[in-house]
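Have a look at the structure below, then the notes.
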Amino acid sequence: MRSLRVLRGYLFTVIGIAIGVAGLVALGAMSERIVRFIEGGDRFVLGQISVAGRGMGMGTGFTAGGILPAATIRAIADVPGVQGVQAQIMLPLDPSTSQFMTVTQELVLGVDLSVPTPNRHYRTLPVRSGRFLRQGDHKVAVVGASFAASRGLSLGSHIALEDEDYEVVGVLDRMLTAPDRFIIVSIADARAQWVAKDRLLRTVLASGAMPLNANDLNTGAAVGWRDGDDPDAVAVRIKERVPGVNVQLPSELSRLLRSSTAFFSALLVGIGALAFVIGGLSLANTMAAAVFERIRDFGVKRALGATDLQLGREVLAESLGVTMLGGLGGIALARSLGWFIDRYLAQSQQLFYFSPRLLGGAFVFSVLLGAAAAVYATSRVVSLSPAEAIRRGA
Amino acid sequence: MLRAISLVKSYRAPAGTPIRVLAGVDLTVKGGEIAVVTGPSGSGKSTLLNVLGLLEDGDGGEVWFEDTRVSGLGRAAKSRARGRYVGFLFQSFLLLPSLTALENVLLAARYVRRRGGATRRRAIELLQEVGVGDRMDHFPAQLSGGEQQRVAFCRAVLNDPPLLLADEPTGNLDDANGAVILDALRGRARSGGAVVIVSHRPEAAVGASALYRLRGGVLALP
């Protein structure tokens with residue numbers, strides 16, 4: 001009961017700390033979100049060799065190119081060191097949207113389910129509800145978490161793709177990277193959508209100028225390598241031995257990705273430092289002010305016989321309670337704020353990621369800093385004589 | 001019980017010049033005695049009480065509680081000596097606003113490790129004796145000035161200290177409440193305690209064993 005009253009006496013301090021911690025956590029969560037995105041992309045490109053047909057077709061994968069015919073895919077499979085080639089089609093859901101902003105672009109991914117996914121880091125994609133695609137699936141789709149949220153899709157929902165009806169048979173877990181905005185379908189369905197989307201392709205096919213059949217309509221392929229082989233060396237070998245392809249070395253692609261996100265990384269450091277300074281100063285200042293406000297009480301307690309040690313212990317216990325409460329309140333406030341923004345203002349994008357390391361770190365940081373500020377303030381207060389403390393407090 | 005020998009204390013004025021407030025104060029108060037110190041405002045009465053009660057250090061001289069020269073002790077030992085030997089009564093009561101009347105009284109026991117049922121019962125008895133037993137769960141803001149000073153008196157005597165120092169204890173009270181507090185202080189002396197009262201009110205001197213006037217930094221008979 002008395003503890004509750006003591007904490008009630010610290011109500012504004014708790015609120016002040018909570019606001020400081022909330023700022024720290026919210027900014028940190030935005031940083032974590034961007035880190036996750038960059039790390040996820042990096043992990044993906046390092047898990048496979050990405051190959052596209054040479055040219056500037058409408059394929060929008062990061063290896064943007066033209067058609068990758070079946071014969072070329074077979075040739076890639078024959079290159080020494082290659083283990084598994086999965087034909088893929090990657091199309092923008094809405095070709096009229098900018099091709100530059102692939103970070104938020106909604107993509108249709110068609111995958112050849114007759115071969116296992118060669119990506120070493122993403123053998124399967126995590127499904128939150130329903131199931132992933134199976135070989136032989138037709139007019140069904142698995143959708144990413146953000147895509148599902150933005151369209152209000154769930155298991156059993158229907159979605160129209162190029163005027164064809166697709167049933168949602170699976171929704172992916174939120175991965176905080178590109179697949180969150182994917183619609184994954186069988187490669188046969190994706191080929192049909194490609195033809196429907198691309199007037200030039202239809203013209204070429206109708207003219208018979210190119211000897212193409214359905215299996216030739218691929219925008220790229222994910223290529224795996226044998227254990228013990230160097231993926232970059234295998235990629236170079238593909239480039240040398242298979243004509244008419246764009247091959248990206250995984251390490252080169254990773255480097256490209258990192259350099260293109262260097263700005264974000266720098267921004268992250270800035271945001272983190274800012275959050276640290278603003279949140280930390282706010283918290284320390286609030287806690288120290290709360291102690292200085294009670295200078296008269298400390299003078300009275302010392303007049304009653306309290307030693308420095310007894311007072312220090314008392315203040316430390318109270319400040320720990322207050323900063324813990326403020327820290328937890330701040331975390332709850334930041335999470336509520338993040339949830340609200342993600343839910344109502346961010347158009348289904350997830351802007352915040354409250355990772356356990358962020359929440360744990362922010363909590364420990366706030367408690368330690370609060371306690372340190374309280375100890376500092378107390379040491380200043382107890383350095384006064386009891387009479388002086390009472391005089392100043394009055 | 002209390003012996004002060006040649007107490008000296010100076011403050012530094014804003015201009016930097018030292019102002020000597022106590023210039024060699026000698027004072028002895030035995031158990032059962034009441035010493036009343038008067039003097040004009042700013043004469044150093046409160047400073048004298050603070051130095052006697054170890055609330056601040058003098059620049060020179062000695063303070064003895066019984067056979068212990070407490071003025072030479074370290075900070076922690078001085079704190080313990082305050083808790084063990086001295087009870088304080090202040091003009092502005094100095095109750096902690098976040099605590100109830102009973103909790104304020106019990107605060108005196110917290111730092112001398114005398115918590116427990118017996119101490120609590122004693123605190124309640126004291127509050128009842130001074131007529132605020134029915135207000136023990138009230139906070140200071142809910143009490144009148146007279147009631148607050150009675151609670152402060154209970155806090156000052158809870159540990160049964162041999163020395164009670166009262167700094168203008170009736171300064172913020174009306175005559176009736178002032179009389180109650182002065183009676184309580186006299187009762188304390190009757191039960192064997194040493195009491196030092198700093199006051200400018202003439203009625204504080206009634207029943208005093210010794211009356212002093214602080215003038216020019218030294219105690220003199222009026």
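Order determines the names: the first chain of the structure tokens is A, the second B, and so forth; residues in each chain are numbered 1 upward, and ligands are numbered 1 upward as they are shown.
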
Checklist entry - What lies within 8 Å of stretch 123-127 of chain B using only C-alpha atoms, ignoring chain neighbours under 4 positions off, as a PyMOL selection string? => result chain B and resi 102+105-106+119+131-133+136+150-151+154-155+158

Dump as a compact mmCIF listing (two decimals), in the first residue's frame, selection limited to N, CA and C atoms:
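Below is the file part.txt, written as the result:
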```txt
# COMPACT_ATOMS: atom_id res chain seq x y z
N LEU B 102 0.81 8.59 11.32
CA LEU B 102 1.45 7.45 11.99
C LEU B 102 2.77 7.08 11.30
N VAL B 105 5.51 9.39 12.25
CA VAL B 105 6.06 9.11 13.58
C VAL B 105 7.00 7.90 13.51
N LEU B 106 6.55 6.88 12.80
CA LEU B 106 7.34 5.65 12.72
C LEU B 106 8.65 5.84 11.95
N THR B 119 6.96 -0.89 18.70
CA THR B 119 7.22 0.49 18.28
C THR B 119 5.95 1.11 17.71
N GLY B 131 -3.50 13.86 21.61
CA GLY B 131 -4.84 14.19 21.11
C GLY B 131 -5.04 14.11 19.60
N VAL B 132 -4.16 13.39 18.90
CA VAL B 132 -4.37 13.23 17.45
C VAL B 132 -4.46 11.75 17.06
N GLY B 133 -4.87 10.93 18.03
CA GLY B 133 -4.98 9.49 17.76
C GLY B 133 -5.98 9.20 16.64
N MET B 136 -4.49 9.59 12.88
CA MET B 136 -3.21 8.94 12.57
C MET B 136 -3.10 8.50 11.10
N ARG B 150 2.00 18.42 16.76
CA ARG B 150 1.85 17.33 17.74
C ARG B 150 2.40 16.02 17.18
N VAL B 151 2.10 15.81 15.89
CA VAL B 151 2.63 14.60 15.23
C VAL B 151 4.17 14.67 15.22
N CYS B 154 5.54 13.72 18.50
CA CYS B 154 5.54 12.26 18.69
C CYS B 154 6.73 11.63 17.96
N ARG B 155 7.00 12.14 16.76
CA ARG B 155 8.15 11.63 16.00
C ARG B 155 9.46 11.90 16.75
N LEU B 158 9.66 9.40 19.85
CA LEU B 158 9.37 7.96 19.70
C LEU B 158 10.52 7.09 20.19
```

Item to check | stretch 180-190 of chain B surroundings by only C-alpha atoms, 8 Å radius, close-in-sequence under 5 positions cut, as a PyMOL selection string | outcome: chain B and resi 31-34+149-150+153+169-170+195+204+207

Item to check | 10 Å contact set for A:Lys239, only C-alpha atoms, chain neighbours under 4 positions out, as a list of chain:residue names | outcome: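 That gives A:Val51, A:Ile76, A:Val79, A:Ala233, A:Val234, A:Ala235, A:Pro243, A:Gly244, A:Val245, A:Asn246, A:Val247, A:Gln248, A:Leu249.
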
Deliver the residues from the most recent selection as a file, using N, CA and C atoms, as a PDB file, in the first residue's frame.
```pdb
ATOM      1  N   VAL A  51      20.116 -15.866 -61.938  1.00  0.00           N
ATOM      2  CA  VAL A  51      20.387 -15.789 -63.370  1.00  0.00           C
ATOM      3  C   VAL A  51      19.132 -15.276 -64.068  1.00  0.00           C
ATOM      4  N   ILE A  76      22.478 -24.422 -67.967  1.00  0.00           N
ATOM      5  CA  ILE A  76      22.989 -23.974 -66.648  1.00  0.00           C
ATOM      6  C   ILE A  76      23.135 -25.179 -65.721  1.00  0.00           C
ATOM      7  N   VAL A  79      26.368 -27.090 -65.962  1.00  0.00           N
ATOM      8  CA  VAL A  79      27.644 -26.453 -65.595  1.00  0.00           C
ATOM      9  C   VAL A  79      28.197 -27.132 -64.335  1.00  0.00           C
ATOM     10  N   ALA A 233      32.572 -18.643 -57.862  1.00  0.00           N
ATOM     11  CA  ALA A 233      33.280 -19.375 -58.930  1.00  0.00           C
ATOM     12  C   ALA A 233      32.277 -20.085 -59.832  1.00  0.00           C
ATOM     13  N   VAL A 234      31.244 -20.638 -59.230  1.00  0.00           N
ATOM     14  CA  VAL A 234      30.209 -21.321 -60.027  1.00  0.00           C
ATOM     15  C   VAL A 234      29.487 -20.295 -60.906  1.00  0.00           C
ATOM     16  N   ALA A 235      29.216 -19.117 -60.344  1.00  0.00           N
ATOM     17  CA  ALA A 235      28.533 -18.063 -61.110  1.00  0.00           C
ATOM     18  C   ALA A 235      29.388 -17.630 -62.299  1.00  0.00           C
ATOM     19  N   PRO A 243      25.795 -18.872 -72.901  1.00  0.00           N
ATOM     20  CA  PRO A 243      25.602 -17.570 -73.534  1.00  0.00           C
ATOM     21  C   PRO A 243      24.185 -17.038 -73.308  1.00  0.00           C
ATOM     22  N   GLY A 244      24.057 -15.741 -73.419  1.00  0.00           N
ATOM     23  CA  GLY A 244      22.729 -15.110 -73.391  1.00  0.00           C
ATOM     24  C   GLY A 244      22.111 -15.015 -72.017  1.00  0.00           C
ATOM     25  N   VAL A 245      22.944 -14.944 -70.978  1.00  0.00           N
ATOM     26  CA  VAL A 245      22.365 -14.820 -69.630  1.00  0.00           C
ATOM     27  C   VAL A 245      23.036 -13.689 -68.845  1.00  0.00           C
ATOM     28  N   ASN A 246      22.278 -13.131 -67.931  1.00  0.00           N
ATOM     29  CA  ASN A 246      22.844 -12.217 -66.927  1.00  0.00           C
ATOM     30  C   ASN A 246      23.057 -13.025 -65.656  1.00  0.00           C
ATOM     31  N   VAL A 247      24.282 -13.073 -65.182  1.00  0.00           N
ATOM     32  CA  VAL A 247      24.557 -13.822 -63.948  1.00  0.00           C
ATOM     33  C   VAL A 247      25.104 -12.851 -62.900  1.00  0.00           C
ATOM     34  N   GLN A 248      24.537 -12.931 -61.760  1.00  0.00           N
ATOM     35  CA  GLN A 248      25.040 -12.091 -60.659  1.00  0.00           C
ATOM     36  C   GLN A 248      25.818 -12.951 -59.681  1.00  0.00           C
ATOM     37  N   LEU A 249      27.041 -12.521 -59.387  1.00  0.00           N
ATOM     38  CA  LEU A 249      27.807 -13.216 -58.349  1.00  0.00           C
ATOM     39  C   LEU A 249      27.157 -12.891 -57.003  1.00  0.00           C
TER      40      LEU A 249
END
```

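Considering the residues A:Leu283, A:Gly228, A:Gly110, A:Lys301 and counting only C-alpha atoms, A:Val367 has its shortest atom-to-atom contact with A:Leu283.
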
Next on the checklist: At a cut-off of 9 Å, using only C-alpha atoms, what residues contact A:Ser319? Leave out same-chain residues fewer than 3 positions from it and give the result as a list of chain:residue names.
Outcome noted: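 Near A:Ser319, the qualifying residues are A:Met287, A:Val291, A:Glu314, A:Val315, A:Leu316, A:Val322, A:Thr323, A:Met324, A:Val367, A:Gly370, A:Ala371, A:Ala373, A:Ala374, A:Val375.
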
Using C-alpha atoms, can you write the selected residues to a file as a short mmCIF file (atom, residue, chain, number, x, y, z; two decimals), in the first residue's frame?
```cif
data_model
loop_
_atom_site.label_atom_id
_atom_site.label_comp_id
_atom_site.auth_asym_id
_atom_site.auth_seq_id
_atom_site.Cartn_x
_atom_site.Cartn_y
_atom_site.Cartn_z
CA MET A 287 15.08 10.98 -12.45
CA VAL A 291 15.53 13.21 -6.39
CA GLU A 314 16.36 3.76 -0.12
CA VAL A 315 16.71 6.06 -3.11
CA LEU A 316 18.21 3.31 -5.25
CA VAL A 322 10.31 4.03 -10.78
CA THR A 323 12.58 3.45 -13.77
CA MET A 324 11.35 -0.14 -14.16
CA VAL A 367 16.89 1.07 -15.52
CA GLY A 370 17.77 5.94 -14.17
CA ALA A 371 19.54 4.33 -11.24
CA ALA A 373 21.07 9.41 -12.36
CA ALA A 374 19.39 8.78 -9.01
CA VAL A 375 22.65 7.73 -7.38
#
```

Item to check | Interface residues on chain B facing chain A, 8 Å, only C-alpha atoms, written as an MDAnalysis selection string | outcome: chainID B and resid 50 55:57 75:76 79:84 87:88 94 96 98 107:108 111:112

Checklist entry - If you measure from atom CA of A:Val223 to atom CA of A:Phe37, what distance in Å do you get, rounded to one decimal? => result 22.5 Å

Checklist entry - So how far away is atom CA of B:Ser199 from atom CA of B:Gly171, in Å? => result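 Computed distance, atom CA of B:Gly171 to atom CA of B:Ser199, equals 7.7 Å.
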